[in-house]
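Heads up, query08.pdb below (PDB, N, CA and C atoms and all ligand atoms):
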```
ATOM      1  N   MET Z   1       9.553 -23.400  -3.792
ATOM      2  CA  MET Z   1       8.345 -22.849  -3.141
ATOM      3  C   MET Z   1       8.067 -21.446  -3.680
ATOM      4  N   THR Z   2       6.879 -21.252  -4.124
ATOM      5  CA  THR Z   2       6.505 -19.937  -4.620
ATOM      6  C   THR Z   2       6.052 -19.057  -3.458
ATOM      7  N   SER Z   3       6.067 -17.774  -3.666
ATOM      8  CA  SER Z   3       5.617 -16.883  -2.603
ATOM      9  C   SER Z   3       4.141 -17.144  -2.322
ATOM     10  N   GLY Z   4       3.801 -17.070  -1.055
ATOM     11  CA  GLY Z   4       2.414 -17.298  -0.694
ATOM     12  C   GLY Z   4       2.067 -18.756  -0.522
ATOM     13  N   SER Z   5       3.064 -19.627  -0.629
ATOM     14  CA  SER Z   5       2.757 -21.035  -0.401
ATOM     15  C   SER Z   5       3.607 -21.593   0.728
ATOM     16  N   VAL Z   6       3.249 -21.224   1.939
ATOM     17  CA  VAL Z   6       3.872 -21.826   3.105
ATOM     18  C   VAL Z   6       3.447 -23.286   3.136
ATOM     19  N   ASP Z   7       4.315 -24.139   3.649
ATOM     20  CA  ASP Z   7       4.031 -25.560   3.501
ATOM     21  C   ASP Z   7       2.857 -26.022   4.361
ATOM     22  N   PHE Z   8       2.324 -27.119   3.941
ATOM     23  CA  PHE Z   8       1.138 -27.690   4.561
ATOM     24  C   PHE Z   8       1.348 -27.970   6.047
ATOM     25  N   ASP Z   9       2.526 -28.510   6.396
ATOM     26  CA  ASP Z   9       2.766 -28.881   7.789
ATOM     27  C   ASP Z   9       2.655 -27.680   8.719
ATOM     28  N   THR Z  10       3.158 -26.533   8.264
ATOM     29  CA  THR Z  10       3.081 -25.332   9.089
ATOM     30  C   THR Z  10       1.621 -24.937   9.317
ATOM     31  N   TRP Z  11       0.861 -24.985   8.254
ATOM     32  CA  TRP Z  11      -0.574 -24.680   8.389
ATOM     33  C   TRP Z  11      -1.262 -25.666   9.323
ATOM     34  N   TYR Z  12      -0.894 -26.948   9.171
ATOM     35  CA  TYR Z  12      -1.571 -27.963   9.959
ATOM     36  C   TYR Z  12      -1.256 -27.808  11.440
ATOM     37  N   ASP Z  13      -0.019 -27.428  11.758
ATOM     38  CA  ASP Z  13       0.341 -27.196  13.156
ATOM     39  C   ASP Z  13      -0.523 -26.097  13.765
ATOM     40  N   VAL Z  14      -0.699 -25.019  13.021
ATOM     41  CA  VAL Z  14      -1.507 -23.904  13.532
ATOM     42  C   VAL Z  14      -2.969 -24.346  13.661
ATOM     43  N   TYR Z  15      -3.412 -25.092  12.660
ATOM     44  CA  TYR Z  15      -4.786 -25.589  12.712
ATOM     45  C   TYR Z  15      -5.012 -26.457  13.951
ATOM     46  N   LEU Z  16      -4.049 -27.341  14.251
ATOM     47  CA  LEU Z  16      -4.221 -28.241  15.396
ATOM     48  C   LEU Z  16      -4.334 -27.475  16.704
ATOM     49  N   LYS Z  17      -3.581 -26.389  16.823
ATOM     50  CA  LYS Z  17      -3.691 -25.571  18.038
ATOM     51  C   LYS Z  17      -5.105 -25.030  18.183
ATOM     52  N   ALA Z  18      -5.657 -24.567  17.082
ATOM     53  CA  ALA Z  18      -7.009 -24.010  17.119
ATOM     54  C   ALA Z  18      -8.049 -25.111  17.326
ATOM     55  N   TYR Z  19      -7.776 -26.279  16.761
ATOM     56  CA  TYR Z  19      -8.702 -27.401  16.910
ATOM     57  C   TYR Z  19      -8.775 -27.832  18.374
ATOM     58  N   ARG Z  20      -7.602 -27.908  19.005
ATOM     59  CA  ARG Z  20      -7.564 -28.394  20.387
ATOM     60  C   ARG Z  20      -8.179 -27.382  21.335
ATOM     61  N   ASP Z  21      -8.023 -26.118  21.032
ATOM     62  CA  ASP Z  21      -8.568 -25.070  21.898
ATOM     63  C   ASP Z  21      -8.959 -23.866  21.045
ATOM     64  N   PRO Z  22     -10.206 -23.857  20.562
ATOM     65  CA  PRO Z  22     -10.642 -22.765  19.679
ATOM     66  C   PRO Z  22     -10.492 -21.377  20.306
ATOM     67  N   SER Z  23     -10.378 -21.324  21.629
ATOM     68  CA  SER Z  23     -10.275 -20.013  22.269
ATOM     69  C   SER Z  23      -8.951 -19.322  21.949
ATOM     70  N   VAL Z  24      -7.948 -20.083  21.490
ATOM     71  CA  VAL Z  24      -6.658 -19.461  21.177
ATOM     72  C   VAL Z  24      -6.627 -18.901  19.751
ATOM     73  N   LEU Z  25      -7.670 -19.188  18.992
ATOM     74  CA  LEU Z  25      -7.664 -18.791  17.579
ATOM     75  C   LEU Z  25      -7.319 -17.308  17.355
ATOM     76  N   PRO Z  26      -7.904 -16.389  18.116
ATOM     77  CA  PRO Z  26      -7.591 -14.969  17.855
ATOM     78  C   PRO Z  26      -6.137 -14.606  18.098
ATOM     79  N   SER Z  27      -5.411 -15.444  18.842
ATOM     80  CA  SER Z  27      -4.013 -15.123  19.140
ATOM     81  C   SER Z  27      -3.055 -15.780  18.158
ATOM     82  N   LEU Z  28      -3.565 -16.608  17.246
ATOM     83  CA  LEU Z  28      -2.699 -17.311  16.307
ATOM     84  C   LEU Z  28      -2.461 -16.463  15.060
ATOM     85  N   SER Z  29      -1.228 -16.488  14.582
ATOM     86  CA  SER Z  29      -0.877 -15.743  13.379
ATOM     87  C   SER Z  29      -0.989 -16.640  12.154
ATOM     88  N   CYS Z  30      -1.438 -16.065  11.071
ATOM     89  CA  CYS Z  30      -1.515 -16.787   9.806
ATOM     90  C   CYS Z  30      -0.114 -17.189   9.371
ATOM     91  N   PRO Z  31       0.105 -18.466   9.013
ATOM     92  CA  PRO Z  31       1.432 -18.908   8.572
ATOM     93  C   PRO Z  31       1.871 -18.228   7.280
ATOM     94  N   ASN Z  32       0.947 -17.704   6.563
ATOM     95  CA  ASN Z  32       1.255 -17.116   5.261
ATOM     96  C   ASN Z  32       1.537 -15.619   5.358
ATOM     97  N   CYS Z  33       0.624 -14.884   5.962
ATOM     98  CA  CYS Z  33       0.768 -13.421   5.958
ATOM     99  C   CYS Z  33       1.012 -12.837   7.346
ATOM    100  N   GLY Z  34       0.900 -13.660   8.381
ATOM    101  CA  GLY Z  34       1.170 -13.172   9.720
ATOM    102  C   GLY Z  34       0.009 -12.467  10.389
ATOM    103  N   SER Z  35      -1.060 -12.271   9.660
ATOM    104  CA  SER Z  35      -2.224 -11.586  10.217
ATOM    105  C   SER Z  35      -2.959 -12.481  11.207
ATOM    106  N   LYS Z  36      -3.516 -11.874  12.245
ATOM    107  CA  LYS Z  36      -4.327 -12.645  13.191
ATOM    108  C   LYS Z  36      -5.784 -12.635  12.716
ATOM    109  N   SER Z  37      -5.968 -13.154  11.530
ATOM    110  CA  SER Z  37      -7.298 -13.162  10.906
ATOM    111  C   SER Z  37      -7.726 -14.572  10.546
ATOM    112  N   LEU Z  38      -7.226 -15.542  11.307
ATOM    113  CA  LEU Z  38      -7.575 -16.929  11.001
ATOM    114  C   LEU Z  38      -9.003 -17.230  11.442
ATOM    115  N   ASN Z  39      -9.646 -18.060  10.670
ATOM    116  CA  ASN Z  39     -11.014 -18.472  10.981
ATOM    117  C   ASN Z  39     -11.086 -19.992  10.996
ATOM    118  N   LEU Z  40     -11.827 -20.522  11.946
ATOM    119  CA  LEU Z  40     -12.059 -21.962  11.999
ATOM    120  C   LEU Z  40     -13.550 -22.182  12.208
ATOM    121  N   VAL Z  41     -14.155 -22.834  11.226
ATOM    122  CA  VAL Z  41     -15.589 -23.105  11.292
ATOM    123  C   VAL Z  41     -15.796 -24.610  11.263
ATOM    124  N   PHE Z  42     -16.641 -25.092  12.149
ATOM    125  CA  PHE Z  42     -17.045 -26.499  12.125
ATOM    126  C   PHE Z  42     -18.468 -26.570  11.617
ATOM    127  N   GLN Z  43     -18.633 -27.217  10.480
ATOM    128  CA  GLN Z  43     -19.963 -27.346   9.902
ATOM    129  C   GLN Z  43     -20.492 -28.745  10.131
ATOM    130  N   SER Z  44     -21.781 -28.829  10.417
ATOM    131  CA  SER Z  44     -22.386 -30.132  10.593
ATOM    132  C   SER Z  44     -23.862 -30.054  10.223
ATOM    133  N   PHE Z  45     -24.478 -31.227  10.118
ATOM    134  CA  PHE Z  45     -25.908 -31.255   9.822
ATOM    135  C   PHE Z  45     -26.726 -30.977  11.080
ATOM    136  N   ARG Z  46     -26.176 -31.368  12.225
ATOM    137  CA  ARG Z  46     -26.869 -31.124  13.489
ATOM    138  C   ARG Z  46     -25.855 -30.620  14.509
ATOM    139  N   ARG Z  47     -26.330 -29.811  15.427
ATOM    140  CA  ARG Z  47     -25.408 -29.248  16.404
ATOM    141  C   ARG Z  47     -24.869 -30.310  17.354
ATOM    142  N   ASP Z  48     -25.585 -31.443  17.499
ATOM    143  CA  ASP Z  48     -25.143 -32.473  18.432
ATOM    144  C   ASP Z  48     -24.603 -33.705  17.705
ATOM    145  N   ASP Z  49     -24.244 -33.550  16.447
ATOM    146  CA  ASP Z  49     -23.818 -34.702  15.653
ATOM    147  C   ASP Z  49     -22.453 -35.229  16.097
ATOM    148  N   GLY Z  50     -21.569 -34.332  16.486
ATOM    149  CA  GLY Z  50     -20.238 -34.756  16.924
ATOM    150  C   GLY Z  50     -19.238 -34.898  15.788
ATOM    151  N   ARG Z  51     -19.736 -34.909  14.556
ATOM    152  CA  ARG Z  51     -18.840 -34.966  13.409
ATOM    153  C   ARG Z  51     -19.225 -33.877  12.431
ATOM    154  N   GLY Z  52     -18.266 -33.496  11.620
ATOM    155  CA  GLY Z  52     -18.569 -32.456  10.659
ATOM    156  C   GLY Z  52     -17.386 -32.177   9.766
ATOM    157  N   ILE Z  53     -17.417 -31.004   9.185
ATOM    158  CA  ILE Z  53     -16.370 -30.561   8.276
ATOM    159  C   ILE Z  53     -15.691 -29.357   8.910
ATOM    160  N   ARG Z  54     -14.368 -29.384   8.897
ATOM    161  CA  ARG Z  54     -13.671 -28.194   9.391
ATOM    162  C   ARG Z  54     -13.277 -27.322   8.190
ATOM    163  N   VAL Z  55     -13.419 -26.028   8.399
ATOM    164  CA  VAL Z  55     -12.985 -25.063   7.395
ATOM    165  C   VAL Z  55     -12.052 -24.092   8.105
ATOM    166  N   PHE Z  56     -10.814 -24.025   7.633
ATOM    167  CA  PHE Z  56      -9.784 -23.228   8.306
ATOM    168  C   PHE Z  56      -9.112 -22.352   7.262
ATOM    169  N   TRP Z  57      -9.245 -21.043   7.458
ATOM    170  CA  TRP Z  57      -8.658 -20.155   6.461
ATOM    171  C   TRP Z  57      -8.311 -18.812   7.101
ATOM    172  N   CYS Z  58      -7.494 -18.055   6.359
ATOM    173  CA  CYS Z  58      -7.107 -16.715   6.792
ATOM    174  C   CYS Z  58      -7.985 -15.708   6.069
ATOM    175  N   GLY Z  59      -8.659 -14.875   6.816
ATOM    176  CA  GLY Z  59      -9.551 -13.888   6.223
ATOM    177  C   GLY Z  59      -8.809 -12.714   5.616
ATOM    178  N   SER Z  60      -7.506 -12.658   5.834
ATOM    179  CA  SER Z  60      -6.714 -11.553   5.310
ATOM    180  C   SER Z  60      -6.122 -11.893   3.936
ATOM    181  N   CYS Z  61      -5.352 -12.988   3.860
ATOM    182  CA  CYS Z  61      -4.724 -13.348   2.584
ATOM    183  C   CYS Z  61      -5.539 -14.388   1.817
ATOM    184  N   MET Z  62      -6.566 -14.946   2.466
ATOM    185  CA  MET Z  62      -7.448 -15.930   1.837
ATOM    186  C   MET Z  62      -6.709 -17.174   1.368
ATOM    187  N   PHE Z  63      -5.847 -17.665   2.237
ATOM    188  CA  PHE Z  63      -5.290 -18.998   2.083
ATOM    189  C   PHE Z  63      -5.882 -19.861   3.182
ATOM    190  N   GLY Z  64      -5.859 -21.178   2.985
ATOM    191  CA  GLY Z  64      -6.372 -22.041   4.038
ATOM    192  C   GLY Z  64      -6.213 -23.494   3.689
ATOM    193  N   LEU Z  65      -6.745 -24.338   4.574
ATOM    194  CA  LEU Z  65      -6.675 -25.781   4.362
ATOM    195  C   LEU Z  65      -7.943 -26.257   3.678
ATOM    196  N   ALA Z  66      -7.806 -27.311   2.888
ATOM    197  CA  ALA Z  66      -8.977 -27.889   2.242
ATOM    198  C   ALA Z  66      -9.962 -28.352   3.311
ATOM    199  N   PRO Z  67     -11.222 -27.992   3.175
ATOM    200  CA  PRO Z  67     -12.227 -28.472   4.135
ATOM    201  C   PRO Z  67     -12.163 -29.994   4.239
ATOM    202  N   ASN Z  68     -12.255 -30.496   5.457
ATOM    203  CA  ASN Z  68     -12.061 -31.922   5.661
ATOM    204  C   ASN Z  68     -12.952 -32.412   6.790
ATOM    205  N   ARG Z  69     -13.279 -33.711   6.753
ATOM    206  CA  ARG Z  69     -14.099 -34.311   7.800
ATOM    207  C   ARG Z  69     -13.301 -34.442   9.090
ATOM    208  N   VAL Z  70     -13.919 -34.094  10.187
ATOM    209  CA  VAL Z  70     -13.269 -34.234  11.484
ATOM    210  C   VAL Z  70     -14.296 -34.653  12.533
ATOM    211  N   ILE Z  71     -13.776 -35.196  13.626
ATOM    212  CA  ILE Z  71     -14.559 -35.320  14.841
ATOM    213  C   ILE Z  71     -14.538 -33.950  15.499
ATOM    214  N   LEU Z  72     -15.697 -33.431  15.827
ATOM    215  CA  LEU Z  72     -15.733 -32.084  16.388
ATOM    216  C   LEU Z  72     -15.223 -32.103  17.825
ATOM    217  N   PRO Z  73     -14.382 -31.129  18.175
ATOM    218  CA  PRO Z  73     -13.944 -31.050  19.569
ATOM    219  C   PRO Z  73     -15.137 -30.732  20.484
ATOM    220  N   ASP Z  74     -14.993 -31.107  21.748
ATOM    221  CA  ASP Z  74     -16.097 -30.952  22.703
ATOM    222  C   ASP Z  74     -16.606 -29.527  22.779
ATOM    223  N   ASN Z  75     -15.681 -28.582  22.690
ATOM    224  CA  ASN Z  75     -16.060 -27.184  22.865
ATOM    225  C   ASN Z  75     -16.287 -26.480  21.526
ATOM    226  N   ALA Z  76     -16.480 -27.267  20.464
ATOM    227  CA  ALA Z  76     -16.657 -26.656  19.146
ATOM    228  C   ALA Z  76     -17.970 -25.882  19.073
ATOM    229  N   GLU Z  77     -17.884 -24.761  18.415
ATOM    230  CA  GLU Z  77     -19.092 -24.025  18.096
ATOM    231  C   GLU Z  77     -19.529 -24.506  16.708
ATOM    232  N   VAL Z  78     -20.662 -25.189  16.646
ATOM    233  CA  VAL Z  78     -21.080 -25.832  15.406
ATOM    234  C   VAL Z  78     -21.934 -24.884  14.566
ATOM    235  N   THR Z  79     -21.586 -24.826  13.293
ATOM    236  CA  THR Z  79     -22.356 -24.054  12.332
ATOM    237  C   THR Z  79     -23.048 -25.032  11.386
ATOM    238  N   LEU Z  80     -24.326 -24.886  11.213
ATOM    239  CA  LEU Z  80     -25.048 -25.795  10.320
ATOM    240  C   LEU Z  80     -24.710 -25.478   8.867
ATOM    241  N   PHE Z  81     -24.833 -26.506   8.014
ATOM    242  CA  PHE Z  81     -24.431 -26.350   6.615
ATOM    243  C   PHE Z  81     -25.193 -25.227   5.912
ATOM    244  N   ASP Z  82     -26.460 -25.061   6.269
ATOM    245  CA  ASP Z  82     -27.234 -24.022   5.567
ATOM    246  C   ASP Z  82     -27.035 -22.640   6.178
ATOM    247  N   GLU Z  83     -26.155 -22.536   7.158
ATOM    248  CA  GLU Z  83     -25.903 -21.244   7.790
ATOM    249  C   GLU Z  83     -24.633 -20.574   7.282
ATOM    250  N   PHE Z  84     -23.857 -21.293   6.477
ATOM    251  CA  PHE Z  84     -22.517 -20.794   6.161
ATOM    252  C   PHE Z  84     -22.105 -21.278   4.781
ATOM    253  N   VAL Z  85     -21.574 -20.386   3.996
ATOM    254  CA  VAL Z  85     -21.024 -20.741   2.694
ATOM    255  C   VAL Z  85     -19.506 -20.634   2.784
ATOM    256  N   VAL Z  86     -18.822 -21.710   2.437
ATOM    257  CA  VAL Z  86     -17.361 -21.719   2.514
ATOM    258  C   VAL Z  86     -16.809 -20.646   1.579
ATOM    259  N   PRO Z  87     -15.976 -19.760   2.108
ATOM    260  CA  PRO Z  87     -15.432 -18.693   1.267
ATOM    261  C   PRO Z  87     -14.469 -19.236   0.219
ATOM    262  N   ASP Z  88     -14.217 -18.436  -0.767
ATOM    263  CA  ASP Z  88     -13.372 -18.848  -1.886
ATOM    264  C   ASP Z  88     -11.919 -18.522  -1.563
ATOM    265  N   PHE Z  89     -11.253 -19.432  -0.855
ATOM    266  CA  PHE Z  89      -9.861 -19.205  -0.493
ATOM    267  C   PHE Z  89      -8.956 -20.182  -1.230
ATOM    268  N   VAL Z  90      -7.647 -19.887  -1.218
ATOM    269  CA  VAL Z  90      -6.663 -20.721  -1.903
ATOM    270  C   VAL Z  90      -6.253 -21.851  -0.969
ATOM    271  N   VAL Z  91      -6.412 -23.071  -1.414
ATOM    272  CA  VAL Z  91      -6.117 -24.226  -0.574
ATOM    273  C   VAL Z  91      -4.618 -24.518  -0.583
ATOM    274  N   ILE Z  92      -4.052 -24.656   0.634
ATOM    275  CA  ILE Z  92      -2.655 -25.053   0.786
ATOM    276  C   ILE Z  92      -2.572 -26.546   0.507
ATOM    277  N   ASP Z  93      -1.825 -26.891  -0.504
ATOM    278  CA  ASP Z  93      -1.742 -28.291  -0.908
ATOM    279  C   ASP Z  93      -0.746 -29.042  -0.046
ATOM    280  N   ARG Z  94      -1.069 -30.279   0.249
ATOM    281  CA  ARG Z  94      -0.154 -31.112   1.017
ATOM    282  C   ARG Z  94       1.157 -31.308   0.257
ATOM    283  N   HIS Z  95       1.072 -31.373  -1.069
ATOM    284  CA  HIS Z  95       2.268 -31.543  -1.881
ATOM    285  C   HIS Z  95       2.286 -30.471  -2.974
ATOM    286  N   PRO Z  96       2.750 -29.277  -2.637
ATOM    287  CA  PRO Z  96       2.735 -28.205  -3.622
ATOM    288  C   PRO Z  96       3.554 -28.562  -4.869
ATOM    289  N   ALA Z  97       3.104 -28.116  -5.997
ATOM    290  CA  ALA Z  97       3.825 -28.388  -7.248
ATOM    291  C   ALA Z  97       5.130 -27.612  -7.279
TER     292      ALA Z  97
HETATM  293 ZN    ZN Z 101      -3.045 -14.811   5.961
END
```
Can you present the structure in this file as structure tokens?
Ligand SMILES: [Zn+2]
Amino acid sequence: MTSGSVDFDTWYDVYLKAYRDPSVLPSLSCPNCGSKSLNLVFQSFRRDDGRGIRVFWCGSCMFGLAPNRVILPDNAEVTLFDEFVVPDFVVIDRHPA
């Protein structure tokens, strides 16, 4: 494992906590750098679509999970696709080289 590449499972665990209850996001520490700068954005074509893309990354070290399709949680704050550009962060690979 190279520095800066915490494993995927650790990231996914933190992501799931934020997915289940986005209100805890500010209290979660980045698995990579420890900063409480994690961001979780749900993008969709419509605010009432119920499905979309999740974008989860750390605004401090700029690592994160690959954007992926999800069912949006009930309390998700939906961002429309034309309202947000996915930042250029380093994707944590499920199977790091
Ligand atoms: Zn970080």
**OP:** Run DSSP on the backbone and give me the residues of chain Z it puts in strand (DSSP E), as a PyMOL selection string.
**Re:** chain Z and resi 38-44+51-58+63-71+78-80+90-91
**Item:** Answer key for the PyMOL selection byres (((chain Z and resi 66) around 7) and not hetatm), residues as a ChimeraX atom specification
**Value:** /Z:54-56,64-65,67-68,90-93
Would you pick out the contacts of stretch 27-33 of chain Z at 6.5 Å or less, using all atoms listed in the file, so that residues sharing its chain but fewer than 2 positions from it are not included, and give the list as JSON, numbers by chain? {"Z": [4, 6, 10, 11, 23, 24, 25, 35, 36, 37, 38, 58, 61]}
Could you check the closest approach to Z:Phe81 for each of Z:Tyr19, Z:Phe63, Z:Trp57, Z:Phe45 and tell me which residue wins, using only C-alpha atoms?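 Using only C-alpha atoms, Z:Phe81 sits closest to Z:Phe45.
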Within 8 Å of Z:Pro73, counting all atoms listed in the file, which residues show up once you throw out same-chain ones fewer than 6 positions away? Write them as a PyMOL selection string, please. chain Z and resi 19-21+50-52
Any chance you could work out the axis-aligned box around stretch 83-93 of chain Z, listed atoms only, 8 Å on each side, giving centre and edge lengths in Å to one decimal, as JSON?
```
{"center_x": -13.5, "center_y": -23.7, "center_z": 2.9, "size_x": 41.4, "size_y": 26.6, "size_z": 25.7}
```
Rank Z:Phe84, Z:Gly59, Z:Ala76, Z:Phe89 by their smallest atom-to-atom distance to ligand ZN 101 (chain Z), using all atoms listed in the file, and report the top residue only.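 The shortest atom-to-atom distance to ligand ZN 101 (chain Z) comes from Z:Gly59.
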Restricting to only C-alpha atoms and all ligand atoms, whichever of Z:Gly34, Z:Phe8, Z:Glu83, Z:Arg94 is closest to ligand ZN 101 (chain Z) is Z:Gly34
Find, counting only C-alpha atoms and all ligand atoms, the residue in Z:Leu40, Z:Ile53, Z:Met62, Z:Val14 that gets nearest to ligand ZN 101 (chain Z).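 Looking at the shortest contact to ligand ZN 101 (chain Z), the residue is Z:Met62.
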Counting only C-alpha atoms and all ligand atoms, which of Z:Ser60, Z:Ser44, Z:Asp49, Z:Asp9 gets nearest to ligand ZN 101 (chain Z)?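 Checking each candidate against ligand ZN 101 (chain Z), we get Z:Ser60 as the closest.
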Rounded to one decimal place, report the atom CA of Z:Leu16-atom CA of Z:Asp82 distance in Å.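 About the pair atom CA of Z:Leu16 and atom CA of Z:Asp82: they are 25.4 Å apart.
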